[in-house]
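Report on the following structure.
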Amino acid sequence: MPRRSPYGTGGRSSQAGLFVHVFTFRNEKRRLASDYQGNPQAEYLQFFRLGVDGVFSEFPDTAVTARAIYLRECGR
(Lines give C-alpha, C1' and ligand atoms only; values in the text may rest on other atoms or scores of the structure.)
Protein backbone atom coordinates (compact mmCIF):
# COMPACT_ATOMS: atom_id res chain seq x y z
CA MET A 1 0.00 0.00 0.00
CA PRO A 2 1.38 3.46 -0.84
CA ARG A 3 2.52 5.60 2.04
CA ARG A 4 0.70 8.85 2.69
CA SER A 5 1.85 11.96 4.42
CA PRO A 6 1.40 11.80 8.18
CA TYR A 7 0.11 15.35 7.88
CA GLY A 8 -2.66 14.33 5.49
CA THR A 9 -1.87 17.09 3.01
CA GLY A 10 -2.90 15.14 -0.06
CA GLY A 11 -6.02 13.73 1.56
CA ARG A 12 -7.27 17.02 2.97
CA SER A 13 -6.65 18.79 -0.32
CA SER A 14 -8.58 16.14 -2.21
CA GLN A 15 -11.47 16.40 0.23
CA ALA A 16 -11.55 20.13 -0.46
CA GLY A 17 -11.61 19.47 -4.22
CA LEU A 18 -8.02 20.67 -4.73
CA PHE A 19 -5.13 19.08 -6.55
CA VAL A 20 -1.58 19.10 -5.19
CA HIS A 21 1.23 19.68 -7.71
CA VAL A 22 4.85 20.11 -6.66
CA PHE A 23 7.79 21.61 -8.54
CA THR A 24 10.57 21.73 -9.82
CA PHE A 25 12.10 18.26 -10.09
CA ARG A 26 15.52 17.79 -11.64
CA ASN A 27 17.82 14.86 -12.37
CA GLU A 28 21.24 16.23 -11.49
CA LYS A 29 22.86 14.62 -8.44
CA ARG A 30 23.87 18.01 -7.08
CA ARG A 31 20.19 19.04 -7.03
CA LEU A 32 18.99 15.92 -5.17
CA ALA A 33 18.91 15.46 -1.42
CA SER A 34 21.39 12.83 -0.26
CA ASP A 35 18.44 10.65 0.85
CA TYR A 36 17.85 9.76 -2.79
CA GLN A 37 21.41 8.48 -3.30
CA GLY A 38 21.66 10.08 -6.74
CA ASN A 39 18.46 8.44 -7.99
CA PRO A 40 15.97 11.06 -9.21
CA GLN A 41 13.17 8.49 -9.57
CA ALA A 42 13.36 7.91 -5.81
CA GLU A 43 12.44 11.56 -5.24
CA TYR A 44 9.45 11.42 -7.58
CA LEU A 45 8.28 8.15 -6.02
CA GLN A 46 8.42 9.59 -2.54
CA PHE A 47 6.17 12.48 -3.53
CA PHE A 48 3.72 10.26 -5.45
CA ARG A 49 3.53 7.94 -2.42
CA LEU A 50 2.80 10.94 -0.22
CA GLY A 51 -0.25 11.67 -2.33
CA VAL A 52 0.67 14.49 -4.73
CA ASP A 53 -1.45 14.61 -7.87
CA GLY A 54 1.22 15.84 -10.25
CA VAL A 55 4.71 17.25 -10.64
CA PHE A 56 6.44 19.91 -12.67
CA SER A 57 9.74 18.58 -13.96
CA GLU A 58 12.65 19.68 -16.08
CA PHE A 59 12.94 15.99 -17.04
CA PRO A 60 9.49 14.76 -18.10
CA ASP A 61 10.78 11.34 -19.19
CA THR A 62 11.92 10.65 -15.62
CA ALA A 63 8.62 11.92 -14.21
CA VAL A 64 6.55 9.72 -16.54
CA THR A 65 8.66 6.65 -15.76
CA ALA A 66 8.38 7.22 -12.00
CA ARG A 67 4.62 7.74 -12.27
CA ALA A 68 4.28 4.47 -14.19
CA ILE A 69 6.24 2.66 -11.46
CA TYR A 70 4.02 4.23 -8.80
CA LEU A 71 0.82 3.25 -10.62
CA ARG A 72 2.05 -0.35 -10.95
CA GLU A 73 2.75 -0.38 -7.19
CA CYS A 74 -0.86 0.69 -6.63
CA GLY A 75 -2.20 -1.94 -9.00
CA ARG A 76 -3.38 0.59 -11.57
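Here's how to read the names in the C-alpha coordinates: chain A, B, ... by the order shown, residue numbers from 1 in each chain, ligand numbers from 1 in the order shown.
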Would you mind listing what lies within 10 Å of Ala66 in chain A as a PDB file with N, CA and C atoms, in the first residue's frame, with only C-alpha atoms counted and same-chain residues fewer than 5 positions away left out?
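Generated output (around_10.pdb):
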```
ATOM      1  N   PRO A  40      17.084  10.116  -9.142  1.00  0.00           N
ATOM      2  CA  PRO A  40      15.975  11.064  -9.213  1.00  0.00           C
ATOM      3  C   PRO A  40      14.602  10.395  -9.144  1.00  0.00           C
ATOM      4  N   GLN A  41      14.467   9.163  -9.638  1.00  0.00           N
ATOM      5  CA  GLN A  41      13.174   8.489  -9.569  1.00  0.00           C
ATOM      6  C   GLN A  41      12.736   8.281  -8.124  1.00  0.00           C
ATOM      7  N   ALA A  42      13.692   8.093  -7.230  1.00  0.00           N
ATOM      8  CA  ALA A  42      13.358   7.910  -5.810  1.00  0.00           C
ATOM      9  C   ALA A  42      12.664   9.151  -5.253  1.00  0.00           C
ATOM     10  N   GLU A  43      13.079  10.327  -5.699  1.00  0.00           N
ATOM     11  CA  GLU A  43      12.442  11.558  -5.240  1.00  0.00           C
ATOM     12  C   GLU A  43      10.999  11.644  -5.742  1.00  0.00           C
ATOM     13  N   TYR A  44      10.807  11.387  -7.025  1.00  0.00           N
ATOM     14  CA  TYR A  44       9.449  11.417  -7.583  1.00  0.00           C
ATOM     15  C   TYR A  44       8.558  10.420  -6.853  1.00  0.00           C
ATOM     16  N   LEU A  45       9.078   9.197  -6.671  1.00  0.00           N
ATOM     17  CA  LEU A  45       8.282   8.154  -6.024  1.00  0.00           C
ATOM     18  C   LEU A  45       7.875   8.544  -4.618  1.00  0.00           C
ATOM     19  N   GLN A  46       8.774   9.168  -3.887  1.00  0.00           N
ATOM     20  CA  GLN A  46       8.424   9.592  -2.541  1.00  0.00           C
ATOM     21  C   GLN A  46       7.233  10.548  -2.564  1.00  0.00           C
ATOM     22  N   PHE A  48       4.939  10.944  -5.004  1.00  0.00           N
ATOM     23  CA  PHE A  48       3.722  10.258  -5.447  1.00  0.00           C
ATOM     24  C   PHE A  48       3.139   9.436  -4.308  1.00  0.00           C
ATOM     25  N   PRO A  60      10.780  15.446 -18.050  1.00  0.00           N
ATOM     26  CA  PRO A  60       9.489  14.755 -18.103  1.00  0.00           C
ATOM     27  C   PRO A  60       9.602  13.249 -18.309  1.00  0.00           C
ATOM     28  N   ASP A  61      10.643  12.784 -18.997  1.00  0.00           N
ATOM     29  CA  ASP A  61      10.781  11.339 -19.188  1.00  0.00           C
ATOM     30  C   ASP A  61      10.975  10.629 -17.851  1.00  0.00           C
ATOM     31  N   LEU A  71       2.124   3.805 -10.280  1.00  0.00           N
ATOM     32  CA  LEU A  71       0.817   3.253 -10.620  1.00  0.00           C
ATOM     33  C   LEU A  71       0.835   1.725 -10.601  1.00  0.00           C
ATOM     34  N   ARG A  72       1.939   1.114 -11.035  1.00  0.00           N
ATOM     35  CA  ARG A  72       2.051  -0.348 -10.947  1.00  0.00           C
ATOM     36  C   ARG A  72       2.050  -0.793  -9.485  1.00  0.00           C
TER      37      ARG A  72
END
```
- Message: If we count only C-alpha atoms and set the cut-off at 8 Å, which residues sit around Ser57 in chain A, ignoring sequence neighbours fewer than 5 positions away in its own chain? Please answer as number ranges by chain.
- Response: A: 23-26, 63
- Task: Using DSSP on the backbone, list every residue of chain A that comes out as strand (DSSP E or B), and give them as number ranges by chain.
- Result: A: 21-25, 54-57
Selection: 7 Å around Val22 in chain A, only C-alpha atoms, excl. self and same-chain fewer than 5 positions, as a short mmCIF file (atom, residue, chain, number, x, y, z; two decimals) with C-alpha atoms, in the first residue's frame:
```cif
data_model
loop_
_atom_site.label_atom_id
_atom_site.label_comp_id
_atom_site.auth_asym_id
_atom_site.auth_seq_id
_atom_site.Cartn_x
_atom_site.Cartn_y
_atom_site.Cartn_z
CA GLY A 54 1.22 15.84 -10.25
CA VAL A 55 4.71 17.25 -10.64
CA PHE A 56 6.44 19.91 -12.67
#
```
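With distances restricted to only C-alpha atoms, A:Cys74 is the closest residue to Arg49 in chain A from A:Ala33, A:Cys74, A:Arg12, A:Val20.
One distance worth recording is that between CA of Ser14 in chain A and CA of Leu50 in chain A, which is 12.7 Å.
The nearest approach to Gly51 in chain A among the residues A:Asn27, A:Thr65, A:Leu32, A:Ser13, with only C-alpha atoms taken into account, belongs to A:Ser13.
The closest residue to Phe19 in chain A, picked from A:Arg67, A:Arg76, A:Asp53, A:Phe59 and counting only C-alpha atoms, is A:Asp53.
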